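Some notes on the structure that comes next.
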Amino acid sequence: MARMDAFPELHTARCILRQIRPDDQGYIFKGLSHPLVIPYYGVQFSTFEETATQMKWYADLEMENTGIWWAVCDRADGVFLGAGGLNGVDQVHRKAEIGFWLLPEHWGRGLMQEVMPLIWKYAFEHLDLHRIEGFVESENVLCKKAMAKLPFQHEGTMRDCELKNGKWISLEIYALLKE
């Protein structure tokens with residue numbers, strides 16, 4: 001992944017994707033401790049202080065050149081809506097994993113379909129990636145419906161591939177290839 005001179009800010013009609021800042025920690029905590037967000041997300045936090053590990057993770061992605069995540073904000077008023085980006089960048093195989101989450105009060109507005117294309121276009125055009133992968137827990141019906149509206153191909157299911165909270169979960173694999 002090429003090193004960035006300046007953090008890229010991206011824009012849609014309704015959103016600005018900007019660098020995650022220390023003052024976003026309250027929003028990150030709100031999202032990654034919310035009972036509607038965390039059932040299908042890979043991490044969860046029970047205190048504001050614990051969220052510092054997530055903030056470090058975002059910063060380390062940039063510093064170690066292994067990914068990039070943006071704060072997704074309302075273009076009109078700058079309100080924090082969620083976060084999205086790339087992690088697990090594999091420079092040898094030119095692929096990465098895409099991720100996205102929104103605070104529940106912003107669900108159902110089509111924001112995922114508006115923002116995700118910016119993220120994968122950035123990956124293909126600026127990071128020279130060939131493949132973007134998305135992993136969705138099989139029981140996450142809302143996310144699977146949202147993925148069906150994007151040009152990702154459903155490639156299959158990894159059955160009982162991860163242990164989460166003492167229970168085996170299956171992951172649906174979605175992928176998008178550079179044209």
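Chain lettering (A, B, ...) mirrors the order of the structure tokens, residue numbering begins at 1 for each chain separately, and ligand numbering begins at 1 in order of display.
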Got a sec: who's within 7 Å of range 135-147 of chain A, counting only C-alpha atoms, leaving out chain neighbours fewer than 4 positions off, as number ranges by chain? A: 40, 152, 169-174
Could you pull out the alpha helix (DSSP H) residues of range 26-176 of chain A from DSSP and send them as a ChimeraX atom specification? /A:26-32,52-64,111-126,141-148
Would you please give, as a VMD selection string, all residues of chain A that DSSP assigns to strand (DSSP E) based on the backbone? chain A and resid 10 to 11 15 to 19 68 to 74 80 to 90 95 to 102 131 to 137 153 to 164 167 to 177
Restricting to only C-alpha atoms, whichever of A:Gln153, A:Thr66, A:Asn87, A:Gln54 is closest to Arg21 in chain A is A:Gln54
One decimal, in Å: what's the spacing between CA of Glu97 in chain A and CA of Glu133 in chain A? 4.7 Å
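Distances to Ile119 in chain A were evaluated for A:Ile16, A:Gly134, A:Gly85, A:Val92 using only C-alpha atoms, and the minimum falls at A:Gly85.
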Please provide as a list in words all residues within 7 Å of Gly84 in chain A, with the sequence filter that same-chain residues fewer than 2 positions apart are discarded (counting only C-alpha atoms). Trp69, Trp70, Ala71, Val72, Gly99, Phe100 and Trp101 of chain A
Selection export as an mmCIF file, in the first residue's frame, atoms kept: N, CA and C atoms:
data_model
loop_
_atom_site.group_PDB
_atom_site.id
_atom_site.type_symbol
_atom_site.label_atom_id
_atom_site.label_comp_id
_atom_site.auth_asym_id
_atom_site.auth_seq_id
_atom_site.Cartn_x
_atom_site.Cartn_y
_atom_site.Cartn_z
ATOM 1 N N TRP A 69 -9.328 3.663 7.748
ATOM 2 C CA TRP A 69 -10.737 3.797 8.126
ATOM 3 C C TRP A 69 -11.068 5.273 8.241
ATOM 4 N N TRP A 70 -12.295 5.614 7.827
ATOM 5 C CA TRP A 70 -12.771 6.988 7.856
ATOM 6 C C TRP A 70 -13.919 7.133 8.848
ATOM 7 N N ALA A 71 -14.042 8.324 9.414
ATOM 8 C CA ALA A 71 -15.262 8.726 10.111
ATOM 9 C C ALA A 71 -16.241 9.134 9.018
ATOM 10 N N VAL A 72 -17.452 8.604 9.058
ATOM 11 C CA VAL A 72 -18.490 8.962 8.096
ATOM 12 C C VAL A 72 -19.353 10.020 8.777
ATOM 13 N N GLY A 99 -15.024 -2.861 5.735
ATOM 14 C CA GLY A 99 -15.911 -2.877 6.887
ATOM 15 C C GLY A 99 -16.674 -1.571 6.989
ATOM 16 N N PHE A 100 -17.778 -1.613 7.688
ATOM 17 C CA PHE A 100 -18.647 -0.437 7.768
ATOM 18 C C PHE A 100 -19.610 -0.623 8.929
ATOM 19 N N TRP A 101 -19.848 0.447 9.685
ATOM 20 C CA TRP A 101 -20.912 0.425 10.687
ATOM 21 C C TRP A 101 -21.503 1.825 10.818
#
Which value, in Å to one decimal, gives the distance between CA of Met116 in chain A and CA of His130 in chain A? 16.0 Å
How close does each residue of range 55-109 of chain A get to range 8-15 of chain A, giving the shortest atom pair and distance in Å to one decimal for every residue with an atom at most 8 Å away, counting only C-alpha atoms, sorted by chain and residue number, as JSON lines?
{"residue": "A:Val72", "atom": "CA", "partner": "A:Cys15", "partner_atom": "CA", "distance": 6.5}
{"residue": "A:Cys73", "atom": "CA", "partner": "A:Cys15", "partner_atom": "CA", "distance": 5.5}
{"residue": "A:Asp74", "atom": "CA", "partner": "A:Cys15", "partner_atom": "CA", "distance": 4.7}
{"residue": "A:Arg75", "atom": "CA", "partner": "A:Cys15", "partner_atom": "CA", "distance": 4.5}
{"residue": "A:Ala76", "atom": "CA", "partner": "A:Arg14", "partner_atom": "CA", "distance": 7.2}
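Pairwise distance (CA of Leu61 in chain A, CA of Thr157 in chain A) equals 27.1 Å.
For Asp23 in chain A, the residues within 12 Å (counting only C-alpha atoms, excluding itself and residues fewer than 6 positions away along the chain) are Phe29, Thr51, Ala52, Met55, Ala71 and Phe80 of chain A.
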Output C-alpha atoms of each residue in that selection to a file, as an mmCIF file, in the first residue's frame.
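This is the output file again11.cif:
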data_model
loop_
_atom_site.group_PDB
_atom_site.id
_atom_site.type_symbol
_atom_site.label_atom_id
_atom_site.label_comp_id
_atom_site.auth_asym_id
_atom_site.auth_seq_id
_atom_site.Cartn_x
_atom_site.Cartn_y
_atom_site.Cartn_z
ATOM 1 C CA PHE A 29 -17.925 4.153 22.050
ATOM 2 C CA THR A 51 -12.652 2.194 23.356
ATOM 3 C CA ALA A 52 -9.096 3.574 23.399
ATOM 4 C CA MET A 55 -8.872 4.292 18.503
ATOM 5 C CA ALA A 71 -15.262 8.726 10.111
ATOM 6 C CA PHE A 80 -20.726 11.652 13.106
#
